[in-house]
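Asks: Sending over a structure as C-alpha cells; questions will come in a sec.
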Amino acid sequence: MPKKRSGGGLSSTQQAAKFLGVSVLAGAVMAGIALPAAGALGLAAKGSATGFDDIPANLKRPPLSQRTTILDNKGEQIAQVYSRDRTVVQLKDISPYMQKALVAIEDSRFYEHGAIDLKGVLRALNKNAQSGGVSQGASTLTQQYVKNVFVEEAGDDPTKVAEATQQTIGRKIKELKFAIQVEQDLGKKKILENYLNITFFGQQAYGVEAASQRYFSKHAKDLTLPEAALLAGLVQSPSRYDPVNDEAEATKRRNVVLQRMASVGDISQAEADKAKKEPLGLKVTQPRNGCITATRGAGFFCDYVREVFMNDPVFGKTRTDRAKIWNRGGLTIRTTLDPQAQDSLGKAVRDHVNASDAVATAATIVEPGTGKILAMGQSRPYGFGKNETQINLSVDKAMGGGAGYQPGSTFKPIVAAAAIEGGKPATQEYSSPYRMPYPSPVAACDGKNWVNTKGSDLTNENESEVGPYGMKEATAKSVNTYYVQLISDIGICPVKNMAGKLGVRRADGTPIEQNPSIALGTQEVSPLTMASAYATFASRGTYCTPIAIESITQTTGNQKKTLTVPKSTCSRAMSETTADTVNTLLKGVVEDGTGTQAGLGDRASAGKTGTTDFRYAAWFVGYTPNMAGAVWVGDPAHQRRMVNITIGGTPYEKVFGGQVPGPIWRDMMSGALAGKDAPSFNLVNIPDPEKDKNKDKHKGRDRGDGHGNGGDNGGNNPFPNPSITIPEGFFQGQNGGPRGNGNGGRHG
C-alpha cells in the first residue's frame with residue numbers, strides 16, 4: 001500500500017491517482033454542464049488535487065414540501081395550502097408505465113451504471129467536441145435528483161435557488177460526490193421514487209402524484225401508457241412542452257418518449273404506434289391553493305389559522321423557523337370551525353349585507369368555557385377582486401386584521417362587571433341627568449387622576465332620558481350619563497383591569513387609554529375580542545383565550561407525528577355571582593331594551609347593542625350559555641356614516657345596533673344552535689328601585705334630542721339616537737384620525 005510522505009502528505013503515487021480520478025470527474029462535469037470539450041483538459045488540471053476532500057460527507061435530503069390540509073372540527077376539508085403542490089407517494093403507488101417512461105427518456109442506462117455514467121460522459125464529450133459547441137449533456141438520473149434536492153432546499157429564496165443551479169465546476173463536483181453517496185445509501189428504486197416525488201412537472205405540480213391529478217384528475221398509480229409518456233416528457237422542459245398551452249408540441253414530445261420506450265425494449269413498436277395515435281386526453285384540475293379556495297366562506301378563518309401558526313412560539317422559536325415548517329407543508333390541521341355554525345353565519349351575513357354595499361359586516365362565534373372559535377366570516381369575500389379583501393375584519397391587526405372599530409355601548413357591561421365585582425350593588429342608582437359635565441377628577445391607575453380641564457360635557461340619547469336610574473334600567477336603555485357616573489365613582493383602573501381579564505385590548509396593539517370615555521366604547525377592538533369577552537359572562541366568569549387549532553399531524557415521508565398546538569388558557573375573571581348579575585342585566589336588553597330584534601324566542605339569550613358617534617359602526621354582541629357571538633357593521637375605513645344608506649337592499653335613515661347587527665346575530669345564532677341543548681342562565685333578583693309615582697319616565701319619548709336628530713317615534717322604539725359630547729383628547733380616532741369631539745363610541 002502506498003505510503004504517505006513524512007509530514008503527512010500524500011505520496012507521489014497517491015497524488016497521481018487522485019489527479020487522474022478527479023480529472024475524469026472533471027470530464028464528467030464538462031459533459032454534465034454541456035461545456036465544449038475543448039476546454040475540458042485545462043479545467044480538469046486546474047486545482048484538481050485540492051478541494052474534493054473538503055466536500056461535506058453527508059447529503060442533506062430535506063423533507064419534500066407538500067400540501068397542508070386544513071379541516072373543520074368534523075374532519076371535512078376547508079382548504080389546502082402549499083408552497084409546493086405535492087403529495088408524496090411510494091413507488092408501488094406509481095404506474096409501472098410512468099416508471100419506465102421516465103427512465104427511458106431521462107437515463108435509459110439507469111439500472112446499468114453507477115452514480116456517473118462514464119459511457120454517457122465519453123459520448124457527450126465526443127459529441128460536443130465534434131460540434132465545437134454545446135449539444136449534449138450526460139447527467140444521470142441520480143445527479144438530477146441531487147440537483148433537485150439542492151433546489152428544494154433553497155425553497156423560494158431566489159438567491160439560494162441561483163446558488164443551487166449555478167453552472168460552476170465546484171457545484172458540479174459537489175453534485176457528483178453526493179450522487180455517489182446517494183447511490184450507496186438509497187439504491188436505484190428509492191432514487192427513482194424520490195425523483196418522481198421531487199421533480200417539477202409544470203402547472204404548479206411538483207411530483208408525479210400532483211402532476212397526475214393536475215393533468216388527468218387521477219392517481220399516479222392509474223396512469224396509462226400515453227399519459228405516463230406525456231408526463232415523463234415534461235421533465236426536460238415543463239413550459240416548452242406544456243400540454244395545456246401547446247397541445248401540438250406536447251404531443252410531439254409524448255411521441256418521442258413512446259418511441260424511446262420502444263427502442264429500449266420497455267414496450268413493443270406496435271404498442272408505441274398505437275399510443276401515438278391517441279389524443280392527449282387531458283382532464284385538467286385547476287390548482288386550488290390557499291385560503292382563497294376555502295369552502296363555506298371560511299377564507300378568513302383559514303388565514304387566521306395560518307397567522308396563529310406563524311405567530312405562536314409553540315411551533316418554532318422564531319418566525320423564520322415557523323415559516324420553514326409551514327412552507328414545508330405535509331400538515332393536517334384539524335381546527336375548531338363548526339360547519340353548522342359557519343354555514344349559519346355565512347347565510348345570515350348574505351341575507352342582510354351585500355358584498356357591494358358601502359359598508360361591511362364581520363361576525364365571529366366562540367364557545368364559552370373552551371375559547372374555541374366556531375365560526376368567522378364577513379360580507380366582503382376573501383380575494384383580490386372588486387368588493388373583495390384580504391383584511392380579516394374580525395381580528396386584531398397583528399393577526400391579519402385592521403385597526404378595529406369602536407364598540408360603543410357594548411363596552412358598558414365590562415364597566416358593570418368591574419363595579420359589581422368591586423362591591424357595587426346592581427341596584428346602584430345615579431342621578432343620570434340628560435346633560436352633565438364629565439366628573440372631575442376621576443381616579444386612574446398608578447395613583448393618577450384624570451381631570452376634565454376643558455369642561456366637556458355629555459348627554460343621553462334624548463331629553464326624555466332623565467334619571468335617577470338603577471343599573472338594570474340604565475343597561476336596558478343604554479343610558480350614557482349613568483355609566484359615566486359609574487366609572488367616575490369606581491375609578492378607571494378597575495374597568496381597565498376588568499377589560500384585561502376579559503382579553504379586551506385595542507386591535508392596533510396600543511394600550512387602552514385611561515379616561516372616563518372608555519365606558520362609552522371609544523377604544524377600537526375586533527369582533528373576536530368582543531365575542532370572547534362576552535363568552536366569559538356565558539361561562540359564569542371564566543375567560544378562555546380564543547383558539548382555532550385542535551390538532552396537527554405532520555407527515556414526513558412515510559412517518560407521521562403529532563405536533564404540540566397552543567391550548568386555550570382559562571382563568572377566572574370574576575365571581576360566578578358577578579357573571580350571573582351581568583347575565584341578568586343583559587337578558588333584559590333583548591327582552592325589553594335596545595336589543596329586542598336580536599331575541600332568540602324561547603331560547604335564553606343576553607346581549608348588548610352598540611352604535612358609535614356619527615354611526616360609523618354598529619354592533620350587537622350577545623350569547624347563550626353555550627355560544628357567544630359578535631356582529632359588527634360599518635365602514636372599515638371609518639369614512640361612511642350609516643345615515644340615509646342602503647344595506648342588503650334595504651334603505652335605512654339611520655342605523656342602530658339593534659336594527660342591522662341585531663337581526664344578523666339572531667339569524668346567525670339561531671342556525672348555529674339548531675338542534676343543540678337550550679340551557680338557562682343562573683339569574684339573580686335585581687329589585688327595581690323605588691320610583692317617583694308621579695314621574696312619567698317615558699314622557700316626551702317622541703321629542704327630538706335638540707341636536708338635529710329626530711325623536712324615537714314613541715316610547716316603544718328600542719333604537720336610541722346617538723347624541724353625546726366627548727371631551728377633546730379622550731380617545732384616538734380610528735386609522736389615525738384626530739383626537740377630540742366626533743370620534744367616540746357613544747351608546748346603544
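Just remember, in the C-alpha cells the first chain shown is A, the second B, etc., residues are 1-based per chain, and ligands are 1-based in the order shown.
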List every residue of segment 449-684 of chain A that DSSP, applied to the backbone of this structure, places in helix (DSSP H, G or I), and write the result as a ChimeraX atom specification.
Replies: /A:471-477,480-490,492-501,516-520,527-538,576-592,596-598,613-615,661-673
Asks: Quick one: residues within 8 Å of segment 298-313 of chain A, only C-alpha atoms counted, chain neighbours fewer than 5 positions away excluded, as a list in words?
Replies: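 The residues that qualify are Ile70, Ile78, Ala79, Cys291, Ile292, Thr293, Thr318, Arg319, Arg322, Ala323, Trp326, Gln342, Ala375, Met376, Gly377, Pro381, Tyr382, Gln390, Asn392, Met399, Gly400, Ala548, Ile549 and Pro566 of chain A.
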Asks: If we count only C-alpha atoms and set the cut-off at 10 Å, which residues sit around Leu71 of chain A, ignoring sequence neighbours fewer than 4 positions away in its own chain? Please answer as a PyMOL selection string.
Replies: chain A and resi 75-80+302+332-337+549-551
Asks: Please provide as a PDB file with N, CA and C atoms, in the first residue's frame all residues within 12 Å of segment 595-599 of chain A, with the sequence filter that same-chain residues fewer than 3 positions apart are discarded (counting only C-alpha atoms).
Replies:
```pdb
ATOM      1  N   SER A 409     -71.620  51.129  23.027  1.00  0.00           N
ATOM      2  CA  SER A 409     -72.184  50.704  24.318  1.00  0.00           C
ATOM      3  C   SER A 409     -71.998  49.226  24.619  1.00  0.00           C
ATOM      4  N   THR A 410     -71.465  48.446  23.680  1.00  0.00           N
ATOM      5  CA  THR A 410     -71.182  47.047  24.015  1.00  0.00           C
ATOM      6  C   THR A 410     -70.066  46.947  25.053  1.00  0.00           C
ATOM      7  N   THR A 475     -78.930  49.916  31.917  1.00  0.00           N
ATOM      8  CA  THR A 475     -78.318  48.993  30.957  1.00  0.00           C
ATOM      9  C   THR A 475     -79.274  48.692  29.815  1.00  0.00           C
ATOM     10  N   ALA A 476     -80.538  48.430  30.141  1.00  0.00           N
ATOM     11  CA  ALA A 476     -81.524  48.135  29.103  1.00  0.00           C
ATOM     12  C   ALA A 476     -81.689  49.291  28.136  1.00  0.00           C
ATOM     13  N   LYS A 477     -81.642  50.519  28.662  1.00  0.00           N
ATOM     14  CA  LYS A 477     -81.830  51.705  27.827  1.00  0.00           C
ATOM     15  C   LYS A 477     -80.518  52.308  27.358  1.00  0.00           C
ATOM     16  N   SER A 478     -79.415  51.743  27.831  1.00  0.00           N
ATOM     17  CA  SER A 478     -78.083  52.208  27.442  1.00  0.00           C
ATOM     18  C   SER A 478     -77.903  53.689  27.756  1.00  0.00           C
ATOM     19  N   LEU A 586     -78.134  41.842  31.066  1.00  0.00           N
ATOM     20  CA  LEU A 586     -78.127  41.792  29.607  1.00  0.00           C
ATOM     21  C   LEU A 586     -79.289  40.981  29.042  1.00  0.00           C
ATOM     22  N   LYS A 587     -79.864  40.101  29.839  1.00  0.00           N
ATOM     23  CA  LYS A 587     -81.073  39.407  29.398  1.00  0.00           C
ATOM     24  C   LYS A 587     -82.203  40.414  29.210  1.00  0.00           C
ATOM     25  N   GLY A 588     -82.197  41.449  30.064  1.00  0.00           N
ATOM     26  CA  GLY A 588     -83.216  42.482  29.951  1.00  0.00           C
ATOM     27  C   GLY A 588     -83.079  43.301  28.682  1.00  0.00           C
ATOM     28  N   VAL A 589     -81.852  43.392  28.138  1.00  0.00           N
ATOM     29  CA  VAL A 589     -81.629  44.165  26.912  1.00  0.00           C
ATOM     30  C   VAL A 589     -82.381  43.540  25.741  1.00  0.00           C
ATOM     31  N   VAL A 590     -82.341  42.204  25.626  1.00  0.00           N
ATOM     32  CA  VAL A 590     -83.005  41.549  24.495  1.00  0.00           C
ATOM     33  C   VAL A 590     -84.489  41.318  24.757  1.00  0.00           C
ATOM     34  N   GLU A 591     -84.914  41.433  26.013  1.00  0.00           N
ATOM     35  CA  GLU A 591     -86.330  41.224  26.319  1.00  0.00           C
ATOM     36  C   GLU A 591     -87.141  42.501  26.153  1.00  0.00           C
ATOM     37  N   ASP A 592     -86.647  43.621  26.679  1.00  0.00           N
ATOM     38  CA  ASP A 592     -87.422  44.849  26.565  1.00  0.00           C
ATOM     39  C   ASP A 592     -86.541  46.087  26.472  1.00  0.00           C
ATOM     40  N   ASP A 602     -87.758  31.331  22.560  1.00  0.00           N
ATOM     41  CA  ASP A 602     -87.790  30.542  23.791  1.00  0.00           C
ATOM     42  C   ASP A 602     -86.406  30.211  24.327  1.00  0.00           C
ATOM     43  N   ARG A 603     -85.374  30.398  23.541  1.00  0.00           N
ATOM     44  CA  ARG A 603     -84.013  30.077  23.991  1.00  0.00           C
ATOM     45  C   ARG A 603     -83.444  31.253  24.783  1.00  0.00           C
ATOM     46  N   ALA A 604     -82.887  30.968  25.953  1.00  0.00           N
ATOM     47  CA  ALA A 604     -82.314  32.013  26.800  1.00  0.00           C
ATOM     48  C   ALA A 604     -81.152  32.696  26.087  1.00  0.00           C
ATOM     49  N   SER A 605     -81.186  34.026  26.051  1.00  0.00           N
ATOM     50  CA  SER A 605     -80.104  34.773  25.420  1.00  0.00           C
ATOM     51  C   SER A 605     -79.944  36.109  26.121  1.00  0.00           C
ATOM     52  N   ALA A 606     -78.796  36.710  25.923  1.00  0.00           N
ATOM     53  CA  ALA A 606     -78.491  38.009  26.510  1.00  0.00           C
ATOM     54  C   ALA A 606     -77.528  38.721  25.579  1.00  0.00           C
ATOM     55  N   GLY A 607     -77.477  40.045  25.683  1.00  0.00           N
ATOM     56  CA  GLY A 607     -76.564  40.757  24.808  1.00  0.00           C
ATOM     57  C   GLY A 607     -76.678  42.255  24.968  1.00  0.00           C
ATOM     58  N   LYS A 608     -75.920  42.961  24.133  1.00  0.00           N
ATOM     59  CA  LYS A 608     -75.886  44.416  24.223  1.00  0.00           C
ATOM     60  C   LYS A 608     -75.674  45.007  22.830  1.00  0.00           C
ATOM     61  N   THR A 609     -76.419  46.083  22.573  1.00  0.00           N
ATOM     62  CA  THR A 609     -76.257  46.833  21.339  1.00  0.00           C
ATOM     63  C   THR A 609     -75.161  47.882  21.502  1.00  0.00           C
ATOM     64  N   GLY A 610     -74.679  48.368  20.377  1.00  0.00           N
ATOM     65  CA  GLY A 610     -73.711  49.462  20.394  1.00  0.00           C
ATOM     66  C   GLY A 610     -73.767  50.219  19.085  1.00  0.00           C
ATOM     67  N   THR A 611     -73.774  51.534  19.164  1.00  0.00           N
ATOM     68  CA  THR A 611     -73.735  52.391  17.977  1.00  0.00           C
ATOM     69  C   THR A 611     -72.793  53.541  18.283  1.00  0.00           C
ATOM     70  N   TRP A 619     -73.076  47.623  16.461  1.00  0.00           N
ATOM     71  CA  TRP A 619     -72.734  46.296  16.980  1.00  0.00           C
ATOM     72  C   TRP A 619     -73.939  45.626  17.624  1.00  0.00           C
ATOM     73  N   PHE A 620     -73.877  44.303  17.641  1.00  0.00           N
ATOM     74  CA  PHE A 620     -74.612  43.528  18.630  1.00  0.00           C
ATOM     75  C   PHE A 620     -73.700  42.394  19.060  1.00  0.00           C
ATOM     76  N   VAL A 621     -73.490  42.323  20.375  1.00  0.00           N
ATOM     77  CA  VAL A 621     -72.706  41.243  20.962  1.00  0.00           C
ATOM     78  C   VAL A 621     -73.604  40.526  21.954  1.00  0.00           C
ATOM     79  N   GLY A 622     -73.757  39.232  21.786  1.00  0.00           N
ATOM     80  CA  GLY A 622     -74.668  38.502  22.660  1.00  0.00           C
ATOM     81  C   GLY A 622     -74.249  37.054  22.828  1.00  0.00           C
ATOM     82  N   TYR A 623     -75.047  36.324  23.593  1.00  0.00           N
ATOM     83  CA  TYR A 623     -74.656  34.954  23.917  1.00  0.00           C
ATOM     84  C   TYR A 623     -75.826  34.181  24.497  1.00  0.00           C
ATOM     85  N   THR A 624     -75.686  32.876  24.426  1.00  0.00           N
ATOM     86  CA  THR A 624     -76.493  31.929  25.195  1.00  0.00           C
ATOM     87  C   THR A 624     -75.512  31.227  26.123  1.00  0.00           C
ATOM     88  N   GLY A 629     -71.473  35.332  20.373  1.00  0.00           N
ATOM     89  CA  GLY A 629     -71.168  35.858  19.049  1.00  0.00           C
ATOM     90  C   GLY A 629     -71.171  37.369  19.025  1.00  0.00           C
ATOM     91  N   ALA A 630     -70.378  37.917  18.120  1.00  0.00           N
ATOM     92  CA  ALA A 630     -70.316  39.369  17.938  1.00  0.00           C
ATOM     93  C   ALA A 630     -70.530  39.692  16.472  1.00  0.00           C
ATOM     94  N   VAL A 631     -71.328  40.723  16.220  1.00  0.00           N
ATOM     95  CA  VAL A 631     -71.577  41.193  14.854  1.00  0.00           C
ATOM     96  C   VAL A 631     -71.288  42.685  14.805  1.00  0.00           C
ATOM     97  N   PHE A 656     -78.937  51.482  13.682  1.00  0.00           N
ATOM     98  CA  PHE A 656     -78.745  51.266  15.117  1.00  0.00           C
ATOM     99  C   PHE A 656     -78.185  49.867  15.356  1.00  0.00           C
ATOM    100  N   GLY A 657     -77.569  49.682  16.522  1.00  0.00           N
ATOM    101  CA  GLY A 657     -77.022  48.381  16.858  1.00  0.00           C
ATOM    102  C   GLY A 657     -78.059  47.279  16.886  1.00  0.00           C
ATOM    103  N   GLY A 658     -79.272  47.616  17.348  1.00  0.00           N
ATOM    104  CA  GLY A 658     -80.312  46.601  17.413  1.00  0.00           C
ATOM    105  C   GLY A 658     -81.025  46.380  16.106  1.00  0.00           C
ATOM    106  N   GLN A 659     -80.750  47.222  15.116  1.00  0.00           N
ATOM    107  CA  GLN A 659     -81.555  47.214  13.902  1.00  0.00           C
ATOM    108  C   GLN A 659     -80.938  46.402  12.769  1.00  0.00           C
ATOM    109  N   VAL A 660     -79.630  46.510  12.523  1.00  0.00           N
ATOM    110  CA  VAL A 660     -78.978  45.726  11.473  1.00  0.00           C
ATOM    111  C   VAL A 660     -78.114  44.620  12.076  1.00  0.00           C
ATOM    112  N   PRO A 661     -77.158  44.927  12.961  1.00  0.00           N
ATOM    113  CA  PRO A 661     -76.378  43.840  13.567  1.00  0.00           C
ATOM    114  C   PRO A 661     -77.238  42.867  14.374  1.00  0.00           C
ATOM    115  N   GLY A 662     -78.279  43.383  15.059  1.00  0.00           N
ATOM    116  CA  GLY A 662     -79.121  42.524  15.893  1.00  0.00           C
ATOM    117  C   GLY A 662     -79.764  41.389  15.117  1.00  0.00           C
ATOM    118  N   PRO A 663     -80.475  41.674  14.011  1.00  0.00           N
ATOM    119  CA  PRO A 663     -81.066  40.590  13.225  1.00  0.00           C
ATOM    120  C   PRO A 663     -80.029  39.646  12.610  1.00  0.00           C
ATOM    121  N   ILE A 664     -78.862  40.167  12.236  1.00  0.00           N
ATOM    122  CA  ILE A 664     -77.806  39.270  11.737  1.00  0.00           C
ATOM    123  C   ILE A 664     -77.415  38.294  12.835  1.00  0.00           C
ATOM    124  N   TRP A 665     -77.219  38.827  14.038  1.00  0.00           N
ATOM    125  CA  TRP A 665     -76.842  37.978  15.175  1.00  0.00           C
ATOM    126  C   TRP A 665     -77.924  36.938  15.446  1.00  0.00           C
ATOM    127  N   ARG A 666     -79.178  37.377  15.425  1.00  0.00           N
ATOM    128  CA  ARG A 666     -80.300  36.459  15.681  1.00  0.00           C
ATOM    129  C   ARG A 666     -80.309  35.304  14.678  1.00  0.00           C
ATOM    130  N   ASP A 667     -80.220  35.624  13.394  1.00  0.00           N
ATOM    131  CA  ASP A 667     -80.260  34.575  12.372  1.00  0.00           C
ATOM    132  C   ASP A 667     -79.031  33.676  12.448  1.00  0.00           C
ATOM    133  N   MET A 668     -77.880  34.281  12.668  1.00  0.00           N
ATOM    134  CA  MET A 668     -76.638  33.533  12.773  1.00  0.00           C
ATOM    135  C   MET A 668     -76.681  32.536  13.925  1.00  0.00           C
ATOM    136  N   MET A 669     -77.098  33.000  15.080  1.00  0.00           N
ATOM    137  CA  MET A 669     -77.118  32.151  16.267  1.00  0.00           C
ATOM    138  C   MET A 669     -78.239  31.118  16.201  1.00  0.00           C
ATOM    139  N   SER A 670     -79.371  31.476  15.612  1.00  0.00           N
ATOM    140  CA  SER A 670     -80.486  30.523  15.520  1.00  0.00           C
ATOM    141  C   SER A 670     -80.065  29.295  14.737  1.00  0.00           C
ATOM    142  N   ASN A 716     -91.916  53.176  22.602  1.00  0.00           N
ATOM    143  CA  ASN A 716     -91.594  51.769  22.427  1.00  0.00           C
ATOM    144  C   ASN A 716     -90.455  51.531  21.443  1.00  0.00           C
ATOM    145  N   ASN A 717     -89.912  52.583  20.860  1.00  0.00           N
ATOM    146  CA  ASN A 717     -88.826  52.392  19.902  1.00  0.00           C
ATOM    147  C   ASN A 717     -87.547  52.039  20.649  1.00  0.00           C
ATOM    148  N   PRO A 718     -86.960  50.878  20.363  1.00  0.00           N
ATOM    149  CA  PRO A 718     -85.767  50.453  21.101  1.00  0.00           C
ATOM    150  C   PRO A 718     -84.482  51.031  20.554  1.00  0.00           C
ATOM    151  N   PHE A 719     -84.538  51.835  19.476  1.00  0.00           N
ATOM    152  CA  PHE A 719     -83.313  52.287  18.854  1.00  0.00           C
ATOM    153  C   PHE A 719     -82.962  53.692  19.301  1.00  0.00           C
ATOM    154  N   PRO A 720     -81.889  53.867  20.038  1.00  0.00           N
ATOM    155  CA  PRO A 720     -81.521  55.188  20.536  1.00  0.00           C
ATOM    156  C   PRO A 720     -80.885  56.034  19.453  1.00  0.00           C
ATOM    157  N   GLY A 748     -76.062  52.832  22.831  1.00  0.00           N
ATOM    158  CA  GLY A 748     -76.666  51.628  22.286  1.00  0.00           C
ATOM    159  C   GLY A 748     -77.478  51.885  21.085  1.00  0.00           C
TER     160      GLY A 748
END
```
Asks: So which one's closest to Tyr438 of chain A, A:Gly385, A:Pro516, A:Pro468, A:Pro407? Using only C-alpha atoms, please.
Replies: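 Smallest distance to Tyr438 of chain A is found for A:Pro516.
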Asks: Between A:Tyr215, A:Phe200, A:Leu231, A:Gln181, which is the closest to Ile105 of chain A once you count only C-alpha atoms?
Replies: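 Closest residue, counting only C-alpha atoms: A:Leu231.
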